[in-house]
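Here's input-v3.csv, which has CSV, N, CA and C atoms:
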```csv
chain,number,residue,atom,x,y,z
A,1,MET,N,29.9,38.1,15.9
A,1,MET,CA,30.4,37.0,15.1
A,1,MET,C,31.9,36.9,15.2
A,2,ALA,N,32.4,35.7,15.6
A,2,ALA,CA,33.8,35.5,15.9
A,2,ALA,C,34.6,35.3,14.5
A,3,ARG,N,35.8,35.8,14.5
A,3,ARG,CA,36.6,35.6,13.4
A,3,ARG,C,37.6,34.5,13.7
A,4,TYR,N,37.8,33.6,12.7
A,4,TYR,CA,38.8,32.6,12.9
A,4,TYR,C,39.9,32.7,12.0
A,5,THR,N,41.1,32.5,12.5
A,5,THR,CA,42.3,32.6,11.6
A,5,THR,C,42.5,31.2,11.0
A,6,MET,N,42.7,31.2,9.7
A,6,MET,CA,42.9,30.0,8.9
A,6,MET,C,44.4,29.8,8.6
A,7,ALA,N,44.8,28.6,8.4
A,7,ALA,CA,46.1,28.3,7.9
A,7,ALA,C,46.0,27.0,7.0
A,8,THR,N,47.1,26.7,6.3
A,8,THR,CA,47.2,25.6,5.5
A,8,THR,C,48.1,24.5,6.2
A,9,CYS,N,47.7,23.3,6.3
A,9,CYS,CA,48.4,22.3,6.9
A,9,CYS,C,49.7,21.9,6.1
A,10,ALA,N,50.8,21.8,6.8
A,10,ALA,CA,52.1,21.5,6.1
A,10,ALA,C,52.1,20.1,5.7
A,11,CYS,N,51.3,19.2,6.2
A,11,CYS,CA,51.3,17.8,5.8
A,11,CYS,C,50.3,17.5,4.7
A,12,CYS,N,49.0,17.8,4.9
A,12,CYS,CA,48.0,17.5,3.9
A,12,CYS,C,47.6,18.6,3.0
A,13,GLY,N,47.9,19.8,3.3
A,13,GLY,CA,47.6,21.0,2.4
A,13,GLY,C,46.2,21.5,2.6
A,14,ARG,N,45.4,21.0,3.5
A,14,ARG,CA,44.1,21.4,3.7
A,14,ARG,C,44.1,22.7,4.6
A,15,ARG,N,43.0,23.4,4.5
A,15,ARG,CA,42.9,24.6,5.3
A,15,ARG,C,42.3,24.2,6.7
A,16,PHE,N,42.7,24.8,7.8
A,16,PHE,CA,42.2,24.5,9.1
A,16,PHE,C,42.2,25.8,9.9
A,17,VAL,N,41.4,25.7,11.0
A,17,VAL,CA,41.3,26.8,11.9
A,17,VAL,C,42.4,26.7,12.9
A,18,LEU,N,43.1,27.8,13.1
A,18,LEU,CA,44.2,27.8,14.0
A,18,LEU,C,43.7,27.8,15.5
A,19,ASP,N,44.3,27.2,16.4
A,19,ASP,CA,44.0,27.2,17.8
A,19,ASP,C,44.2,28.6,18.3
A,20,ARG,N,43.3,29.2,19.0
A,20,ARG,CA,43.4,30.6,19.4
A,20,ARG,C,44.5,30.8,20.4
A,21,PHE,N,45.0,29.8,21.1
A,21,PHE,CA,46.0,30.0,22.1
A,21,PHE,C,47.4,29.5,21.6
A,22,ASN,N,47.4,28.7,20.5
A,22,ASN,CA,48.6,28.1,20.0
A,22,ASN,C,48.9,28.4,18.6
A,23,GLY,N,48.1,29.2,18.0
A,23,GLY,CA,48.1,29.4,16.5
A,23,GLY,C,49.4,30.1,16.0
A,24,HIS,N,50.1,30.8,16.9
A,24,HIS,CA,51.3,31.5,16.4
A,24,HIS,C,52.4,30.6,15.9
A,25,HIS,N,52.4,29.3,16.3
A,25,HIS,CA,53.4,28.4,15.7
A,25,HIS,C,52.7,27.1,15.3
A,26,GLN,N,51.5,27.0,15.0
A,26,GLN,CA,50.8,25.8,14.6
A,26,GLN,C,50.9,25.7,13.1
A,27,LYS,N,51.5,24.5,12.7
A,27,LYS,CA,51.7,24.3,11.2
A,27,LYS,C,50.9,23.1,10.7
A,28,TYR,N,50.3,22.3,11.6
A,28,TYR,CA,49.6,21.1,11.2
A,28,TYR,C,48.2,21.1,11.7
A,29,CYS,N,47.3,20.5,11.0
A,29,CYS,CA,45.9,20.3,11.4
A,29,CYS,C,45.8,19.2,12.4
A,30,THR,N,44.6,18.9,12.9
A,30,THR,CA,44.4,17.8,13.9
A,30,THR,C,44.0,16.5,13.3
A,31,ARG,N,44.1,16.3,12.0
A,31,ARG,CA,43.7,15.0,11.4
A,31,ARG,C,44.8,14.0,11.9
A,32,ALA,N,44.3,12.7,12.1
A,32,ALA,CA,45.2,11.7,12.6
A,32,ALA,C,46.5,11.5,11.8
A,33,ASP,N,46.4,11.5,10.5
A,33,ASP,CA,47.6,11.3,9.7
A,33,ASP,C,48.6,12.5,9.9
A,34,CYS,N,48.1,13.7,10.0
A,34,CYS,CA,48.9,14.9,10.2
A,34,CYS,C,49.6,14.9,11.6
A,35,VAL,N,48.8,14.5,12.6
A,35,VAL,CA,49.4,14.4,13.9
A,35,VAL,C,50.5,13.3,13.9
A,36,ARG,N,50.3,12.2,13.3
A,36,ARG,CA,51.3,11.1,13.2
A,36,ARG,C,52.5,11.6,12.5
A,37,GLU,N,52.3,12.3,11.4
A,37,GLU,CA,53.5,12.9,10.6
A,37,GLU,C,54.3,13.9,11.5
A,38,ARG,N,53.5,14.7,12.2
A,38,ARG,CA,54.2,15.7,13.0
A,38,ARG,C,55.0,15.1,14.1
A,39,LYS,N,54.5,14.0,14.7
A,39,LYS,CA,55.2,13.3,15.7
A,39,LYS,C,56.5,12.6,15.2
A,40,ARG,N,56.3,12.0,14.0
A,40,ARG,CA,57.5,11.4,13.3
A,40,ARG,C,58.6,12.4,13.0
A,41,ALA,N,58.2,13.6,12.5
A,41,ALA,CA,59.1,14.7,12.2
A,41,ALA,C,59.8,15.1,13.5
A,42,ARG,N,59.1,15.3,14.6
A,42,ARG,CA,59.7,15.7,15.9
A,42,ARG,C,60.7,14.6,16.4
A,43,GLN,N,60.3,13.3,16.2
A,43,GLN,CA,61.2,12.3,16.7
A,43,GLN,C,62.5,12.2,15.8
A,44,ARG,N,62.3,12.4,14.5
A,44,ARG,CA,63.5,12.3,13.6
A,44,ARG,C,64.4,13.5,14.0
A,45,ALA,N,63.9,14.7,14.2
A,45,ALA,CA,64.7,15.8,14.6
A,45,ALA,C,65.5,15.6,15.9
A,46,ALA,N,64.8,15.0,16.9
A,46,ALA,CA,65.4,14.8,18.2
A,46,ALA,C,66.5,13.7,18.0
A,47,TYR,N,66.2,12.6,17.3
A,47,TYR,CA,67.2,11.6,17.0
A,47,TYR,C,68.4,12.1,16.3
A,48,SER,N,68.2,13.0,15.3
A,48,SER,CA,69.3,13.6,14.6
A,48,SER,C,70.2,14.4,15.4
A,49,ARG,N,69.5,15.3,16.3
A,49,ARG,CA,70.3,16.1,17.2
A,49,ARG,C,71.1,15.3,18.1
A,50,ARG,N,70.6,14.3,18.7
A,50,ARG,CA,71.3,13.4,19.7
A,50,ARG,C,72.4,12.7,19.0
A,51,TYR,N,72.2,12.2,17.8
A,51,TYR,CA,73.2,11.5,17.0
A,51,TYR,C,74.4,12.4,16.7
A,52,GLN,N,74.1,13.6,16.4
A,52,GLN,CA,75.2,14.5,16.1
A,52,GLN,C,76.0,15.0,17.3
A,53,GLN,N,75.3,15.2,18.5
A,53,GLN,CA,75.9,15.8,19.6
A,53,GLN,C,76.5,14.8,20.6
A,54,ASP,N,75.9,13.5,20.7
A,54,ASP,CA,76.3,12.6,21.7
A,54,ASP,C,77.2,11.5,21.1
A,55,ASP,N,78.5,11.5,21.3
A,55,ASP,CA,79.4,10.5,20.7
A,55,ASP,C,79.1,9.1,21.2
A,56,ALA,N,78.8,8.9,22.4
A,56,ALA,CA,78.5,7.5,22.9
A,56,ALA,C,77.2,7.0,22.2
A,57,PHE,N,76.2,7.8,22.1
A,57,PHE,CA,75.0,7.4,21.4
A,57,PHE,C,75.2,7.0,20.0
A,58,ARG,N,76.1,7.9,19.3
A,58,ARG,CA,76.4,7.6,17.9
A,58,ARG,C,77.1,6.3,17.7
A,59,GLN,N,78.0,6.0,18.6
A,59,GLN,CA,78.8,4.7,18.5
A,59,GLN,C,77.9,3.5,18.8
A,60,ARG,N,77.0,3.6,19.8
A,60,ARG,CA,76.0,2.6,20.0
A,60,ARG,C,75.1,2.3,18.8
A,61,GLU,N,74.6,3.4,18.2
A,61,GLU,CA,73.8,3.3,17.0
A,61,GLU,C,74.5,2.7,15.8
A,62,GLN,N,75.8,3.1,15.6
A,62,GLN,CA,76.5,2.5,14.5
A,62,GLN,C,76.8,1.0,14.7
A,63,LYS,N,77.0,0.6,16.0
A,63,LYS,CA,77.2,-0.8,16.3
A,63,LYS,C,75.9,-1.6,16.1
A,64,ARG,N,74.8,-1.0,16.5
A,64,ARG,CA,73.5,-1.6,16.4
A,64,ARG,C,73.2,-1.8,14.9
A,65,ALA,N,73.4,-0.8,14.1
A,65,ALA,CA,73.2,-0.8,12.6
A,65,ALA,C,74.0,-1.9,12.0
A,66,ALA,N,75.3,-2.0,12.4
A,66,ALA,CA,76.2,-2.9,11.8
A,66,ALA,C,75.8,-4.4,12.1
A,67,VAL,N,75.3,-4.6,13.3
A,67,VAL,CA,74.8,-5.9,13.7
A,67,VAL,C,73.6,-6.3,12.9
A,68,GLY,N,72.7,-5.3,12.7
A,68,GLY,CA,71.5,-5.6,11.9
A,68,GLY,C,71.8,-5.8,10.5
A,69,GLY,N,72.7,-5.1,9.9
A,69,GLY,CA,73.1,-5.2,8.5
A,69,GLY,C,73.7,-6.6,8.3
A,70,THR,N,74.6,-7.0,9.2
A,70,THR,CA,75.2,-8.4,9.1
A,70,THR,C,74.1,-9.4,9.2
A,71,ARG,N,73.2,-9.3,10.0
A,71,ARG,CA,72.1,-10.3,10.2
A,71,ARG,C,71.3,-10.3,8.9
A,72,ARG,N,70.9,-9.2,8.3
A,72,ARG,CA,70.1,-9.1,7.1
A,72,ARG,C,70.9,-9.7,5.9
A,73,ARG,N,72.2,-9.4,5.8
A,73,ARG,CA,73.0,-10.0,4.7
A,73,ARG,C,73.1,-11.5,4.9
A,74,ARG,N,73.3,-12.0,6.1
A,74,ARG,CA,73.3,-13.5,6.3
A,74,ARG,C,72.0,-14.1,5.9
A,75,GLN,N,70.9,-13.5,6.3
A,75,GLN,CA,69.6,-14.1,5.9
A,75,GLN,C,69.4,-14.1,4.4
A,76,ALA,N,69.9,-13.0,3.7
A,76,ALA,CA,69.7,-12.9,2.3
A,76,ALA,C,70.5,-14.0,1.6
A,77,ARG,N,71.7,-14.3,2.1
A,77,ARG,CA,72.6,-15.3,1.5
A,77,ARG,C,72.0,-16.7,1.7
A,78,ALA,N,71.3,-16.9,2.9
A,78,ALA,CA,70.7,-18.2,3.2
A,78,ALA,C,69.6,-18.5,2.3
A,79,GLY,N,68.9,-17.5,1.7
A,79,GLY,CA,67.8,-17.7,0.9
A,79,GLY,C,66.5,-17.9,1.7
A,80,PRO,N,65.4,-18.1,1.0
A,80,PRO,CA,64.1,-18.3,1.7
A,80,PRO,C,64.1,-19.6,2.5
A,81,THR,N,63.4,-19.6,3.6
A,81,THR,CA,63.3,-20.8,4.4
A,81,THR,C,62.2,-21.7,3.8
A,82,ALA,N,62.5,-23.0,3.8
A,82,ALA,CA,61.6,-23.9,3.3
A,82,ALA,C,60.6,-24.4,4.3
A,83,VAL,N,59.4,-24.8,3.9
A,83,VAL,CA,58.4,-25.3,4.8
A,83,VAL,C,58.8,-26.7,5.2
A,84,PRO,N,58.8,-27.0,6.5
A,84,PRO,CA,59.2,-28.4,6.9
A,84,PRO,C,58.3,-29.4,6.3
A,85,ALA,N,58.9,-30.6,6.0
A,85,ALA,CA,58.2,-31.7,5.4
A,85,ALA,C,57.0,-32.2,6.3
A,86,ASP,N,57.2,-32.1,7.6
A,86,ASP,CA,56.2,-32.7,8.5
A,86,ASP,C,55.1,-31.6,8.9
A,87,ALA,N,55.2,-30.5,8.3
A,87,ALA,CA,54.2,-29.4,8.6
A,87,ALA,C,52.8,-29.8,8.0
A,88,SER,N,51.8,-29.8,8.9
A,88,SER,CA,50.5,-30.1,8.4
A,88,SER,C,49.6,-28.9,8.3
A,89,PHE,N,48.9,-28.7,7.3
A,89,PHE,CA,48.0,-27.6,7.1
A,89,PHE,C,46.6,-28.0,7.2
A,90,PRO,N,45.7,-27.2,7.7
A,90,PRO,CA,44.3,-27.6,7.8
A,90,PRO,C,43.7,-27.7,6.5
A,91,ALA,N,42.6,-28.5,6.4
A,91,ALA,CA,41.9,-28.7,5.1
A,91,ALA,C,41.3,-27.4,4.7
A,92,MET,N,41.4,-27.1,3.4
A,92,MET,CA,40.9,-25.8,2.9
A,92,MET,C,39.4,-25.6,3.1
A,93,THR,N,38.6,-26.7,3.1
A,93,THR,CA,37.2,-26.5,3.3
A,93,THR,C,36.9,-26.1,4.8
A,94,GLU,N,37.7,-26.6,5.7
A,94,GLU,CA,37.6,-26.2,7.1
A,94,GLU,C,38.0,-24.8,7.3
A,95,VAL,N,39.0,-24.3,6.6
A,95,VAL,CA,39.4,-22.9,6.7
A,95,VAL,C,38.4,-22.0,6.2
A,96,LEU,N,37.9,-22.3,5.0
A,96,LEU,CA,36.8,-21.5,4.4
A,96,LEU,C,35.6,-21.5,5.2
A,97,THR,N,35.2,-22.6,5.7
A,97,THR,CA,34.0,-22.7,6.6
A,97,THR,C,34.2,-21.8,7.8
A,98,GLY,N,35.4,-21.9,8.4
A,98,GLY,CA,35.7,-21.0,9.6
A,98,GLY,C,35.6,-19.5,9.2
A,99,LEU,N,36.1,-19.2,8.1
A,99,LEU,CA,36.1,-17.8,7.6
A,99,LEU,C,34.7,-17.3,7.4
A,100,VAL,N,33.9,-18.1,6.7
A,100,VAL,CA,32.5,-17.7,6.5
A,100,VAL,C,31.7,-17.6,7.8
A,101,SER,N,32.0,-18.5,8.7
A,101,SER,CA,31.4,-18.5,10.1
A,101,SER,C,31.8,-17.2,10.8
A,102,GLN,N,33.0,-16.7,10.6
A,102,GLN,CA,33.5,-15.5,11.3
A,102,GLN,C,32.8,-14.3,10.6
A,103,PHE,N,32.7,-14.3,9.3
A,103,PHE,CA,32.1,-13.2,8.6
A,103,PHE,C,30.7,-13.0,9.0
A,104,CYS,N,30.0,-14.2,9.1
A,104,CYS,CA,28.5,-14.1,9.4
A,104,CYS,C,28.3,-14.0,10.9
A,105,ASP,N,29.3,-14.2,11.7
A,105,ASP,CA,29.2,-14.1,13.1
A,105,ASP,C,28.2,-15.1,13.6
A,106,THR,N,28.3,-16.4,13.2
A,106,THR,CA,27.4,-17.4,13.6
A,106,THR,C,28.1,-18.8,13.8
A,107,HIS,N,27.5,-19.6,14.6
A,107,HIS,CA,27.9,-21.0,14.8
A,107,HIS,C,26.7,-21.9,14.4
A,108,ASN,N,25.6,-21.3,14.0
A,108,ASN,CA,24.5,-22.1,13.6
A,108,ASN,C,24.7,-22.7,12.3
A,109,ALA,N,24.6,-24.1,12.2
A,109,ALA,CA,24.9,-24.8,11.0
A,109,ALA,C,23.9,-24.4,9.8
A,110,ALA,N,22.7,-24.2,10.1
A,110,ALA,CA,21.7,-23.8,9.0
A,110,ALA,C,22.1,-22.5,8.4
A,111,GLU,N,22.3,-21.5,9.3
A,111,GLU,CA,22.7,-20.2,8.8
A,111,GLU,C,24.0,-20.2,8.0
A,112,LEU,N,25.0,-21.1,8.5
A,112,LEU,CA,26.3,-21.2,7.8
A,112,LEU,C,26.1,-21.9,6.5
A,113,ALA,N,25.2,-22.9,6.4
A,113,ALA,CA,25.0,-23.6,5.1
A,113,ALA,C,24.3,-22.6,4.1
A,114,ALA,N,23.4,-21.8,4.6
A,114,ALA,CA,22.8,-20.8,3.7
A,114,ALA,C,23.8,-19.7,3.2
A,115,ALA,N,24.7,-19.3,4.1
A,115,ALA,CA,25.7,-18.3,3.7
A,115,ALA,C,26.7,-19.0,2.7
A,116,LEU,N,27.1,-20.2,2.9
A,116,LEU,CA,28.0,-20.9,2.0
A,116,LEU,C,27.4,-21.0,0.6
A,117,ALA,N,26.1,-21.4,0.6
A,117,ALA,CA,25.4,-21.5,-0.7
A,117,ALA,C,25.3,-20.2,-1.4
A,118,GLY,N,25.1,-19.1,-0.7
A,118,GLY,CA,25.0,-17.8,-1.3
A,118,GLY,C,26.4,-17.4,-1.9
A,119,TYR,N,27.5,-17.7,-1.1
A,119,TYR,CA,28.8,-17.4,-1.6
A,119,TYR,C,29.2,-18.3,-2.8
A,120,ALA,N,28.7,-19.5,-2.8
A,120,ALA,CA,29.0,-20.4,-4.0
A,120,ALA,C,28.3,-19.9,-5.2
A,121,GLU,N,27.0,-19.4,-5.1
A,121,GLU,CA,26.3,-18.9,-6.2
A,121,GLU,C,26.9,-17.6,-6.7
A,122,ARG,N,27.4,-16.8,-5.8
A,122,ARG,CA,28.1,-15.6,-6.2
A,122,ARG,C,29.4,-15.9,-6.9
A,123,GLY,N,30.1,-16.9,-6.5
A,123,GLY,CA,31.3,-17.3,-7.2
A,123,GLY,C,31.0,-17.9,-8.6
A,124,ARG,N,29.9,-18.6,-8.7
A,124,ARG,CA,29.6,-19.1,-10.0
A,124,ARG,C,29.3,-17.9,-11.0
A,125,ARG,N,28.6,-16.9,-10.5
A,125,ARG,CA,28.2,-15.8,-11.3
A,125,ARG,C,29.5,-15.0,-11.7
A,126,CYS,N,30.4,-14.8,-10.7
A,126,CYS,CA,31.7,-14.1,-11.0
A,126,CYS,C,32.5,-14.9,-12.0
A,127,ALA,N,32.6,-16.2,-11.9
A,127,ALA,CA,33.4,-17.0,-12.8
A,127,ALA,C,32.8,-17.1,-14.2
A,128,ALA,N,31.5,-16.9,-14.3
A,128,ALA,CA,30.9,-17.0,-15.7
A,128,ALA,C,31.3,-15.7,-16.4
A,129,GLY,N,31.5,-14.6,-15.7
A,129,GLY,CA,31.9,-13.4,-16.4
A,129,GLY,C,30.7,-12.6,-16.9
A,130,PRO,N,30.9,-11.4,-17.4
A,130,PRO,CA,29.8,-10.5,-17.8
A,130,PRO,C,29.1,-11.0,-19.1
A,131,ALA,N,29.7,-11.9,-19.9
A,131,ALA,CA,29.0,-12.4,-21.1
A,131,ALA,C,27.9,-13.3,-20.7
A,132,ALA,N,28.0,-14.0,-19.6
A,132,ALA,CA,27.0,-15.0,-19.2
A,132,ALA,C,25.8,-14.4,-18.5
A,133,ARG,N,25.9,-13.1,-18.1
A,133,ARG,CA,24.8,-12.4,-17.5
A,133,ARG,C,23.7,-12.1,-18.5
A,134,VAL,N,22.5,-12.3,-18.1
A,134,VAL,CA,21.4,-12.0,-18.9
A,134,VAL,C,21.0,-10.5,-18.7
A,135,SER,N,20.9,-9.7,-19.7
A,135,SER,CA,20.4,-8.4,-19.5
A,135,SER,C,18.9,-8.3,-19.4
A,136,PRO,N,18.4,-7.4,-18.5
A,136,PRO,CA,17.0,-7.3,-18.2
A,136,PRO,C,16.3,-6.9,-19.5
A,137,PRO,N,15.1,-7.4,-19.7
A,137,PRO,CA,14.3,-6.9,-20.9
A,137,PRO,C,13.9,-5.5,-20.8
A,138,GLY,N,13.9,-4.8,-21.9
A,138,GLY,CA,13.3,-3.5,-21.8
A,138,GLY,C,14.2,-2.5,-22.4
```
Taking this structure as input, can you express it in the form of structure tokens?
Amino acid sequence: MARYTMATCACCGRRFVLDRFNGHHQKYCTRADCVRERKRARQRAAYSRRYQQDDAFRQREQKRAAVGGTRRRRQARAGPTAVPADASFPAMTEVLTGLVSQFCDTHNAAELAAALAGYAERGRRCAAGPAARVSPPG
């Protein structure tokens, strides 16, 4: 019977089996969220090292951040953008029919009509609320 060495993940806190070849410095499990967090931490550390050691990189980053900050402040002062007066929006019934067609994965008019009727009935039941529902006898 083989023995496995266990460790606790530094990201999610769950226990996991250490890799037998890599376990001496393994701190994270192999779940997707933990792998993503490990990668982000590694990238942040590399960026921080480069920012502190490379003067040209630091100056480029400061200039880039200043340009971005200026753009964001300018957009905030301008306020929200208005919808153009000549903008036309599709009819709501067409949009909803298209969505139901996509949900049901059908172009058949009869199947689509049945699905729409079912959703309409469900909407009526939801709109009526729990007081309108009849409790089963018994």
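Distances to Leu96 of chain A were evaluated for A:Leu112, A:Arg40, A:Glu121, A:Arg3 using only C-alpha atoms, and the minimum falls at A:Leu112.
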Legend entry - Length of the atom CA of Phe57 of chain A to atom CA of Gln43 of chain A vector [Å]: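 Going from atom CA of Phe57 of chain A over to atom CA of Gln43 of chain A, I get 15.4 Å.
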Can you tell me which residues surround Thr5 of chain A at a distance of at most 8 Å, considering all atoms listed in the file, apart from same-chain residues fewer than 3 positions away, and format the answer as a compact mmCIF listing (two decimals) with N, CA and C atoms, in the frame of the given file?
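Listing of around-v8.txt after writing:
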```txt
# COMPACT_ATOMS: atom_id res chain seq x y z
N ALA A 2 32.40 35.70 15.60
CA ALA A 2 33.80 35.50 15.90
C ALA A 2 34.60 35.30 14.50
N THR A 8 47.10 26.70 6.30
CA THR A 8 47.20 25.60 5.50
C THR A 8 48.10 24.50 6.20
N PHE A 16 42.70 24.80 7.80
CA PHE A 16 42.20 24.50 9.10
C PHE A 16 42.20 25.80 9.90
N VAL A 17 41.40 25.70 11.00
CA VAL A 17 41.30 26.80 11.90
C VAL A 17 42.40 26.70 12.90
N LEU A 18 43.10 27.80 13.10
CA LEU A 18 44.20 27.80 14.00
C LEU A 18 43.70 27.80 15.50
N ASP A 19 44.30 27.20 16.40
CA ASP A 19 44.00 27.20 17.80
C ASP A 19 44.20 28.60 18.30
N ARG A 20 43.30 29.20 19.00
CA ARG A 20 43.40 30.60 19.40
C ARG A 20 44.50 30.80 20.40
```
Legend entry - Coordinates-based distance that separates atom CA of Ala10 of chain A from atom CA of Arg31 of chain A (Å, one decimal):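 So the two atoms, atom CA of Arg31 of chain A and atom CA of Ala10 of chain A, lie 11.9 Å apart.
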Which neighbours of Gly13 of chain A fall inside 12 Å, counting only C-alpha atoms, when residues of the same chain fewer than 4 positions from it are skipped, and could you give them as a PDB file with N, CA and C atoms, keeping the file's coordinate frame?
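Printed below is result_6.pdb as written:
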```
ATOM      1  N   ALA A   7      44.800  28.600   8.400  1.00  0.00           N
ATOM      2  CA  ALA A   7      46.100  28.300   7.900  1.00  0.00           C
ATOM      3  C   ALA A   7      46.000  27.000   7.000  1.00  0.00           C
ATOM      4  N   THR A   8      47.100  26.700   6.300  1.00  0.00           N
ATOM      5  CA  THR A   8      47.200  25.600   5.500  1.00  0.00           C
ATOM      6  C   THR A   8      48.100  24.500   6.200  1.00  0.00           C
ATOM      7  N   CYS A   9      47.700  23.300   6.300  1.00  0.00           N
ATOM      8  CA  CYS A   9      48.400  22.300   6.900  1.00  0.00           C
ATOM      9  C   CYS A   9      49.700  21.900   6.100  1.00  0.00           C
ATOM     10  N   LYS A  27      51.500  24.500  12.700  1.00  0.00           N
ATOM     11  CA  LYS A  27      51.700  24.300  11.200  1.00  0.00           C
ATOM     12  C   LYS A  27      50.900  23.100  10.700  1.00  0.00           C
ATOM     13  N   TYR A  28      50.300  22.300  11.600  1.00  0.00           N
ATOM     14  CA  TYR A  28      49.600  21.100  11.200  1.00  0.00           C
ATOM     15  C   TYR A  28      48.200  21.100  11.700  1.00  0.00           C
ATOM     16  N   CYS A  29      47.300  20.500  11.000  1.00  0.00           N
ATOM     17  CA  CYS A  29      45.900  20.300  11.400  1.00  0.00           C
ATOM     18  C   CYS A  29      45.800  19.200  12.400  1.00  0.00           C
ATOM     19  N   ARG A  31      44.100  16.300  12.000  1.00  0.00           N
ATOM     20  CA  ARG A  31      43.700  15.000  11.400  1.00  0.00           C
ATOM     21  C   ARG A  31      44.800  14.000  11.900  1.00  0.00           C
ATOM     22  N   CYS A  34      48.100  13.700  10.000  1.00  0.00           N
ATOM     23  CA  CYS A  34      48.900  14.900  10.200  1.00  0.00           C
ATOM     24  C   CYS A  34      49.600  14.900  11.600  1.00  0.00           C
TER      25      CYS A  34
END
```
Legend entry - Atom-to-atom span, atom N of Arg15 of chain A and atom C of Arg44 of chain A, Å: 25.4 Å
Legend entry - In segment 11-133 of chain A, DSSP alpha helix (DSSP H) residues written as a PyMOL selection string: chain A and resi 32-53+55-78+92-104+109-128
Inset, instruction - Point out the residue among A:Ala115, A:Ala45, A:Ser88, A:Arg125 with the least atom-to-atom distance to Ser101 of chain A, counting only C-alpha atoms. - result: A:Ala115
